[in-house]
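One structure is given here, and the rest of the page talks about it.
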Amino acid sequence: MYLIELAVFLPALCHKMGVPYCVIKGRARLGCPVHREPCATVAFTQVNSEDKSTLAKRVEAIRTNYNDRYDEIRCHWGGNVLGPKSVAPITKLEKAEAKEPATKL
């Protein structure tokens, strides 16, 4: 799986499953918590007892900044407005249908 596929697919999956997620700028910054430089994704399966409070704070911040604002952050494309090339055939058909009943009478 390529990085772009992960970046597109994982937020929707995490939102659906209720898993906290966030997008980190830079792979080196992402690898800091797990002590690895180049990371594409990170998933925590075990946490040391001394790090649990720090992780809980970060998870709460992630939930409020990303998960709870999912619909607000998600891209909205187009706004249901058709372009001129799409509108032209529709208007042509509507004019033809409007003219058709007049010719039948």
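Ligands are numbered from 1 in the order shown, chains are lettered A, B, ... in the order of the structure tokens, and residues start at 1 in each chain.
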Q: Name the residues in contact with region 26-30 of chain A at a cut-off of 9 Å, using only C-alpha atoms, excluding same-chain residues fewer than 2 positions from it; report them as a PyMOL selection string.
A: chain A and resi 23-24+32-34+36-42
With C-alpha atoms retained, export the selected residues as a CSV table (one decimal), in the first residue's frame.
chain,number,residue,atom,x,y,z
A,23,VAL,CA,-2.1,13.7,10.8
A,24,ILE,CA,1.5,14.6,11.7
A,32,CYS,CA,9.6,10.4,17.8
A,33,PRO,CA,7.2,8.6,20.2
A,34,VAL,CA,8.3,5.2,19.0
A,36,ARG,CA,12.2,5.6,14.9
A,37,GLU,CA,13.1,8.2,12.4
A,38,PRO,CA,11.1,7.4,9.2
A,39,CYS,CA,7.6,6.2,10.0
A,40,ALA,CA,4.6,6.3,7.7
A,41,THR,CA,2.0,5.2,10.3
A,42,VAL,CA,2.1,4.5,14.0
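Counting only C-alpha atoms, region 57-62 of chain A has the following residues at most 7 Å away, ignoring those fewer than 4 positions along the same chain: Pro20, Tyr21, Cys22, Ser53, Tyr66 and Asn67 of chain A.
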Written file, previous selection with all heavy atoms, as a short mmCIF file (atom, residue, chain, number, x, y, z; two decimals), in the first residue's frame:
data_model
loop_
_atom_site.label_atom_id
_atom_site.label_comp_id
_atom_site.auth_asym_id
_atom_site.auth_seq_id
_atom_site.Cartn_x
_atom_site.Cartn_y
_atom_site.Cartn_z
N PRO A 20 -8.97 6.96 17.71
CA PRO A 20 -8.40 8.30 17.56
C PRO A 20 -7.27 8.30 16.54
O PRO A 20 -6.46 7.40 16.50
CB PRO A 20 -7.88 8.65 18.95
CG PRO A 20 -7.80 7.38 19.69
CD PRO A 20 -8.75 6.42 19.04
N TYR A 21 -7.25 9.31 15.69
CA TYR A 21 -6.20 9.44 14.69
C TYR A 21 -5.85 10.91 14.52
O TYR A 21 -6.61 11.80 14.90
CB TYR A 21 -6.66 8.89 13.34
CG TYR A 21 -7.66 9.79 12.65
CD1 TYR A 21 -7.24 10.73 11.72
CD2 TYR A 21 -9.00 9.72 12.94
CE1 TYR A 21 -8.14 11.58 11.13
CE2 TYR A 21 -9.91 10.55 12.35
CZ TYR A 21 -9.47 11.48 11.43
OH TYR A 21 -10.38 12.32 10.84
N CYS A 22 -4.68 11.17 13.99
CA CYS A 22 -4.30 12.53 13.64
C CYS A 22 -3.27 12.46 12.52
O CYS A 22 -2.67 11.44 12.27
CB CYS A 22 -3.76 13.30 14.84
SG CYS A 22 -2.18 12.70 15.43
N SER A 53 -0.18 8.48 31.29
CA SER A 53 -0.84 9.78 31.48
C SER A 53 -0.55 10.72 30.31
O SER A 53 -1.44 11.45 29.86
CB SER A 53 -0.37 10.42 32.80
OG SER A 53 1.01 10.70 32.75
N TYR A 66 -9.42 16.22 15.99
CA TYR A 66 -9.59 15.49 14.73
C TYR A 66 -10.88 14.69 14.70
O TYR A 66 -11.71 14.90 13.83
CB TYR A 66 -8.40 14.55 14.48
CG TYR A 66 -7.15 15.29 14.11
CD1 TYR A 66 -6.21 15.62 15.07
CD2 TYR A 66 -6.89 15.65 12.80
CE1 TYR A 66 -5.06 16.30 14.73
CE2 TYR A 66 -5.75 16.33 12.45
CZ TYR A 66 -4.83 16.65 13.42
OH TYR A 66 -3.71 17.32 13.09
N ASN A 67 -11.07 13.78 15.61
CA ASN A 67 -12.20 12.86 15.55
C ASN A 67 -13.54 13.58 15.71
O ASN A 67 -14.49 13.31 14.98
CB ASN A 67 -12.08 11.77 16.60
CG ASN A 67 -11.01 10.76 16.25
OD1 ASN A 67 -9.95 11.12 15.76
ND2 ASN A 67 -11.27 9.50 16.48
#
Q. In Å to one decimal, how far is CA of Glu50 (chain A) from CA of His15 (chain A)?
A. 28.0 Å
Q: Check the smallest atom-to-atom distance from each of A:Ile4, A:Leu55, A:Ala88, A:Ala12 to Asp71 (chain A) using only C-alpha atoms, then report the winner.
A: A:Ala12
